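The file upload30.cif contains mmCIF, C-alpha atoms, pLDDT in the B column; chains and numbers go by the auth columns:
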data_final
loop_
_atom_site.group_PDB
_atom_site.id
_atom_site.type_symbol
_atom_site.label_atom_id
_atom_site.label_comp_id
_atom_site.label_asym_id
_atom_site.label_seq_id
_atom_site.Cartn_x
_atom_site.Cartn_y
_atom_site.Cartn_z
_atom_site.B_iso_or_equiv
_atom_site.auth_seq_id
_atom_site.auth_asym_id
ATOM 1 C CA GLU A 1 -0.389 -8.382 15.073 86.00 1 A
ATOM 2 C CA VAL A 2 1.352 -9.002 11.762 92.00 2 A
ATOM 3 C CA GLN A 3 4.662 -7.169 11.690 95.00 3 A
ATOM 4 C CA VAL A 4 5.441 -5.421 8.401 97.00 4 A
ATOM 5 C CA ARG A 5 8.245 -3.332 6.975 97.00 5 A
ATOM 6 C CA GLU A 6 7.608 -0.988 4.052 98.00 6 A
ATOM 7 C CA SER A 7 10.227 0.476 1.720 98.00 7 A
ATOM 8 C CA GLY A 8 10.592 2.140 -1.649 98.00 8 A
ATOM 9 C CA GLY A 9 9.213 5.589 -0.994 98.00 9 A
ATOM 10 C CA GLY A 10 10.879 8.788 -2.153 98.00 10 A
ATOM 11 C CA GLU A 11 10.403 12.096 -3.893 98.00 11 A
ATOM 12 C CA VAL A 12 9.457 12.228 -7.571 98.00 12 A
ATOM 13 C CA GLN A 13 8.066 14.730 -10.013 98.00 13 A
ATOM 14 C CA PRO A 14 4.489 14.523 -11.298 98.00 14 A
ATOM 15 C CA GLY A 15 4.259 11.781 -13.904 98.00 15 A
ATOM 16 C CA GLY A 16 7.017 9.774 -12.289 98.00 16 A
ATOM 17 C CA SER A 17 6.964 6.254 -10.879 98.00 17 A
ATOM 18 C CA LEU A 18 7.801 4.472 -7.647 98.00 18 A
ATOM 19 C CA ARG A 19 7.566 0.882 -6.495 98.00 19 A
ATOM 20 C CA LEU A 20 6.745 0.216 -2.867 98.00 20 A
ATOM 21 C CA SER A 21 7.479 -3.063 -1.118 98.00 21 A
ATOM 22 C CA CYS A 22 6.321 -4.562 2.140 98.00 22 A
ATOM 23 C CA VAL A 23 7.756 -7.613 3.846 98.00 23 A
ATOM 24 C CA ALA A 24 5.477 -9.300 6.370 97.00 24 A
ATOM 25 C CA SER A 25 6.588 -11.412 9.298 96.00 25 A
ATOM 26 C CA THR A 26 3.963 -14.120 9.475 94.00 26 A
ATOM 27 C CA SER A 27 3.714 -17.788 8.585 94.00 27 A
ATOM 28 C CA THR A 28 0.228 -17.280 7.177 95.00 28 A
ATOM 29 C CA PHE A 29 0.952 -14.549 4.652 97.00 29 A
ATOM 30 C CA ASP A 30 -0.474 -16.520 1.741 96.00 30 A
ATOM 31 C CA SER A 31 -3.867 -16.660 3.438 96.00 31 A
ATOM 32 C CA LEU A 32 -4.045 -12.951 4.230 97.00 32 A
ATOM 33 C CA HIS A 33 -6.038 -10.474 2.175 98.00 33 A
ATOM 34 C CA MET A 34 -3.585 -7.526 2.137 98.00 34 A
ATOM 35 C CA SER A 35 -3.957 -3.820 1.494 98.00 35 A
ATOM 36 C CA TRP A 36 -2.054 -0.646 0.905 98.00 36 A
ATOM 37 C CA VAL A 37 -3.410 2.427 2.639 98.00 37 A
ATOM 38 C CA ARG A 38 -2.100 5.980 2.852 98.00 38 A
ATOM 39 C CA GLN A 39 -2.328 9.059 5.011 98.00 39 A
ATOM 40 C CA ALA A 40 -1.822 12.514 3.605 96.00 40 A
ATOM 41 C CA PRO A 41 -0.793 15.368 5.909 92.00 41 A
ATOM 42 C CA GLY A 42 -3.704 16.445 8.069 94.00 42 A
ATOM 43 C CA LYS A 43 -6.021 13.725 6.786 96.00 43 A
ATOM 44 C CA GLY A 44 -7.228 10.325 7.890 96.00 44 A
ATOM 45 C CA VAL A 45 -6.075 6.950 6.648 97.00 45 A
ATOM 46 C CA GLU A 46 -7.360 6.170 3.155 98.00 46 A
ATOM 47 C CA TRP A 47 -7.625 2.710 1.616 98.00 47 A
ATOM 48 C CA VAL A 48 -5.755 2.501 -1.716 98.00 48 A
ATOM 49 C CA ALA A 49 -5.682 -1.090 -2.976 98.00 49 A
ATOM 50 C CA SER A 50 -6.194 -4.698 -1.888 98.00 50 A
ATOM 51 C CA ILE A 51 -5.264 -8.160 -3.083 98.00 51 A
ATOM 52 C CA VAL A 52 -6.568 -11.555 -2.025 98.00 52 A
ATOM 53 C CA GLY A 53 -4.290 -14.233 -0.581 96.00 53 A
ATOM 54 C CA ASN A 54 -3.593 -16.088 -3.822 96.00 54 A
ATOM 55 C CA GLY A 55 -3.301 -12.885 -5.844 95.00 55 A
ATOM 56 C CA THR A 56 -6.139 -13.670 -8.245 96.00 56 A
ATOM 57 C CA SER A 57 -8.304 -10.662 -7.371 98.00 57 A
ATOM 58 C CA ARG A 58 -7.280 -7.044 -6.897 98.00 58 A
ATOM 59 C CA TYR A 59 -9.217 -3.937 -5.930 98.00 59 A
ATOM 60 C CA TYR A 60 -8.412 -0.225 -6.199 98.00 60 A
ATOM 61 C CA THR A 61 -9.840 3.049 -5.074 98.00 61 A
ATOM 62 C CA HIS A 62 -11.091 5.073 -8.018 98.00 62 A
ATOM 63 C CA ASP A 63 -8.369 7.725 -7.685 96.00 63 A
ATOM 64 C CA VAL A 64 -5.561 5.264 -8.489 98.00 64 A
ATOM 65 C CA LEU A 65 -7.301 2.934 -10.939 97.00 65 A
ATOM 66 C CA GLY A 66 -5.179 2.542 -14.047 97.00 66 A
ATOM 67 C CA ARG A 67 -2.109 4.090 -12.413 98.00 67 A
ATOM 68 C CA PHE A 68 -1.296 1.774 -9.498 98.00 68 A
ATOM 69 C CA THR A 69 -0.825 -2.003 -9.527 98.00 69 A
ATOM 70 C CA ILE A 70 -0.850 -4.136 -6.405 98.00 70 A
ATOM 71 C CA SER A 71 0.898 -7.509 -6.431 98.00 71 A
ATOM 72 C CA ARG A 72 2.344 -10.088 -4.083 98.00 72 A
ATOM 73 C CA ASP A 73 4.944 -12.812 -3.918 98.00 73 A
ATOM 74 C CA ASN A 74 3.886 -15.317 -1.282 98.00 74 A
ATOM 75 C CA ALA A 75 7.174 -17.221 -1.556 97.00 75 A
ATOM 76 C CA VAL A 76 8.951 -14.303 0.108 97.00 76 A
ATOM 77 C CA ASN A 77 6.060 -12.762 2.069 98.00 77 A
ATOM 78 C CA THR A 78 6.186 -9.594 0.014 98.00 78 A
ATOM 79 C CA LEU A 79 3.465 -7.177 -1.022 98.00 79 A
ATOM 80 C CA SER A 80 4.193 -4.561 -3.690 98.00 80 A
ATOM 81 C CA LEU A 81 2.622 -1.429 -5.125 98.00 81 A
ATOM 82 C CA GLN A 82 3.752 -0.161 -8.509 98.00 82 A
ATOM 83 C CA MET A 83 2.792 3.489 -8.823 98.00 83 A
ATOM 84 C CA ASP A 84 2.920 5.137 -12.236 98.00 84 A
ATOM 85 C CA ASN A 85 1.884 8.564 -13.474 98.00 85 A
ATOM 86 C CA LEU A 86 2.086 9.919 -9.944 98.00 86 A
ATOM 87 C CA LYS A 87 0.194 13.080 -9.047 98.00 87 A
ATOM 88 C CA THR A 88 0.800 15.655 -6.339 97.00 88 A
ATOM 89 C CA GLU A 89 -2.306 14.402 -4.543 97.00 89 A
ATOM 90 C CA ASP A 90 -0.626 10.987 -4.134 98.00 90 A
ATOM 91 C CA THR A 91 1.743 12.554 -1.605 98.00 91 A
ATOM 92 C CA ALA A 92 1.278 10.621 1.638 98.00 92 A
ATOM 93 C CA LEU A 93 2.729 8.140 4.062 98.00 93 A
ATOM 94 C CA TYR A 94 1.989 4.675 2.668 98.00 94 A
ATOM 95 C CA TYR A 95 1.334 1.639 4.832 98.00 95 A
ATOM 96 C CA CYS A 96 0.689 -2.030 4.189 98.00 96 A
ATOM 97 C CA THR A 97 -1.684 -3.961 6.400 98.00 97 A
ATOM 98 C CA PRO A 98 -3.896 -7.015 6.529 97.00 98 A
ATOM 99 C CA THR A 99 -7.135 -5.764 5.045 97.00 99 A
ATOM 100 C CA PHE A 100 -9.275 -6.826 7.987 96.00 100 A
ATOM 101 C CA GLU A 101 -7.594 -4.288 10.246 96.00 101 A
ATOM 102 C CA TRP A 102 -6.886 -1.385 7.917 96.00 102 A
ATOM 103 C CA GLN A 103 -9.258 0.908 9.828 95.00 103 A
ATOM 104 C CA THR A 104 -8.157 -0.130 13.318 95.00 104 A
ATOM 105 C CA ARG A 105 -4.445 -0.851 13.043 96.00 105 A
ATOM 106 C CA ASP A 106 -1.958 1.322 14.932 95.00 106 A
ATOM 107 C CA TYR A 107 0.362 2.560 12.166 95.00 107 A
ATOM 108 C CA ARG A 108 2.895 4.301 14.359 94.00 108 A
ATOM 109 C CA GLY A 109 6.430 3.203 13.604 93.00 109 A
ATOM 110 C CA GLN A 110 5.766 1.947 10.089 95.00 110 A
ATOM 111 C CA GLY A 111 5.238 3.327 6.618 97.00 111 A
ATOM 112 C CA THR A 112 7.170 4.782 3.719 98.00 112 A
ATOM 113 C CA GLN A 113 6.891 8.401 2.578 98.00 113 A
ATOM 114 C CA VAL A 114 5.911 9.245 -0.989 98.00 114 A
ATOM 115 C CA THR A 115 6.279 12.868 -2.068 98.00 115 A
ATOM 116 C CA VAL A 116 5.217 14.040 -5.520 98.00 116 A
ATOM 117 C CA SER A 117 6.387 17.553 -6.225 97.00 117 A
ATOM 118 C CA SER A 118 7.657 19.652 -9.080 95.00 118 A
#
Please express what this file holds, its structure, as structure tokens.
Amino acid sequence: EVQVRESGGGEVQPGGSLRLSCVASTSTFDSLHMSWVRQAPGKGVEWVASIVGNGTSRYYTHDVLGRFTISRDNAVNTLSLQMDNLKTEDTALYYCTPTFEWQTRDYRGQGTQVTVSS
């Protein structure tokens, strides 16, 4: 399993911004299709955004389109998520994962909390 470490979460007011980062421990990072997913309190894991290995294609769930931007820097094995115009419904624990296992991965012990509250 690819080991990852997320950071950058926090508490912001509606309309604010945060930038999440994820460092992956793998020698094959540049070949991995990567995703950000999130889990709100009492809900299941929800896919948020994905990016292909070379960064040329990106995909977003409708709820974040135009507000979030996924990016990567393969030189330092880092995946990022720029989140702008945050809404209260974006409150969740955010995880990064290889896309192929986003529905099956065990997320215990990882993640960064994002709280949007006035």
Evaluate the PyMOL selection byres ((chain A and resi 63-78) around 8) here and jot the selected residues down as an MDAnalysis selection string. chainID A and resid 21:26 29:30 48:51 54:55 58 60:62 79:86
Find, counting all atoms listed in the file, the residue in A:Gln113, A:Thr91, A:Thr104, A:Thr56 that gets nearest to Leu20 of chain A. A:Gln113
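Our summary of the geometry notes that atom CA of Trp102 of chain A is positioned 7.4 Å from atom CA of Val37 of chain A.
The spacing separating atom CA of Cys96 of chain A from atom CA of Ser17 of chain A amounts to 18.3 Å.
Take the candidates A:Gln39, A:Ser27, A:Gln13, A:Ser7 and check each one against Leu93 of chain A using all atoms listed in the file; the shortest distance goes to A:Gln39.
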Using all atoms listed in the file, which of the listed residues (A:Gln103, A:Lys87, A:Gly109, A:Arg38) sits closest to Pro14 of chain A? A:Lys87
Could you tell me, as an mmCIF file with C-alpha atoms, keeping the file's coordinate frame, which residues have any atom at most 10 Å from (-2.3, 12.2, -0.4), counting all atoms listed in the file?
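Listed below is the output, part-v2.cif:
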data_model
loop_
_atom_site.group_PDB
_atom_site.id
_atom_site.type_symbol
_atom_site.label_atom_id
_atom_site.label_comp_id
_atom_site.auth_asym_id
_atom_site.auth_seq_id
_atom_site.Cartn_x
_atom_site.Cartn_y
_atom_site.Cartn_z
ATOM 1 C CA ARG A 38 -2.100 5.980 2.852
ATOM 2 C CA GLN A 39 -2.328 9.059 5.011
ATOM 3 C CA ALA A 40 -1.822 12.514 3.605
ATOM 4 C CA PRO A 41 -0.793 15.368 5.909
ATOM 5 C CA GLY A 42 -3.704 16.445 8.069
ATOM 6 C CA LYS A 43 -6.021 13.725 6.786
ATOM 7 C CA GLY A 44 -7.228 10.325 7.890
ATOM 8 C CA VAL A 45 -6.075 6.950 6.648
ATOM 9 C CA GLU A 46 -7.360 6.170 3.155
ATOM 10 C CA LYS A 87 0.194 13.080 -9.047
ATOM 11 C CA THR A 88 0.800 15.655 -6.339
ATOM 12 C CA GLU A 89 -2.306 14.402 -4.543
ATOM 13 C CA ASP A 90 -0.626 10.987 -4.134
ATOM 14 C CA THR A 91 1.743 12.554 -1.605
ATOM 15 C CA ALA A 92 1.278 10.621 1.638
ATOM 16 C CA LEU A 93 2.729 8.140 4.062
ATOM 17 C CA TYR A 94 1.989 4.675 2.668
ATOM 18 C CA VAL A 114 5.911 9.245 -0.989
ATOM 19 C CA THR A 115 6.279 12.868 -2.068
ATOM 20 C CA VAL A 116 5.217 14.040 -5.520
#
Gap from atom CA of Arg5 of chain A to atom CA of Arg105 of chain A - Å, one decimal: 14.3 Å
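When the PyMOL selection byres ((chain A and resi 99) around 8) is evaluated on the file shown here, the picked residues come out as Leu32, His33, Met34, Ser35, Ser50, Thr97, Pro98, Phe100, Glu101 and Trp102 of chain A.
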Can I get the selection written as a CSV table (one decimal), in the frame of the given file, with C-alpha atoms?
chain,number,residue,atom,x,y,z
A,32,LEU,CA,-4.0,-13.0,4.2
A,33,HIS,CA,-6.0,-10.5,2.2
A,34,MET,CA,-3.6,-7.5,2.1
A,35,SER,CA,-4.0,-3.8,1.5
A,50,SER,CA,-6.2,-4.7,-1.9
A,97,THR,CA,-1.7,-4.0,6.4
A,98,PRO,CA,-3.9,-7.0,6.5
A,100,PHE,CA,-9.3,-6.8,8.0
A,101,GLU,CA,-7.6,-4.3,10.2
A,102,TRP,CA,-6.9,-1.4,7.9
Could you give me the axis-aligned bounding box of segment 46-54 of chain A, with 4 Å of padding per side, as centre plus edge lengths in Å to one decimal, as JSON?
{"center_x": -5.6, "center_y": -5.0, "center_z": -0.3, "size_x": 12.0, "size_y": 30.3, "size_z": 15.0}
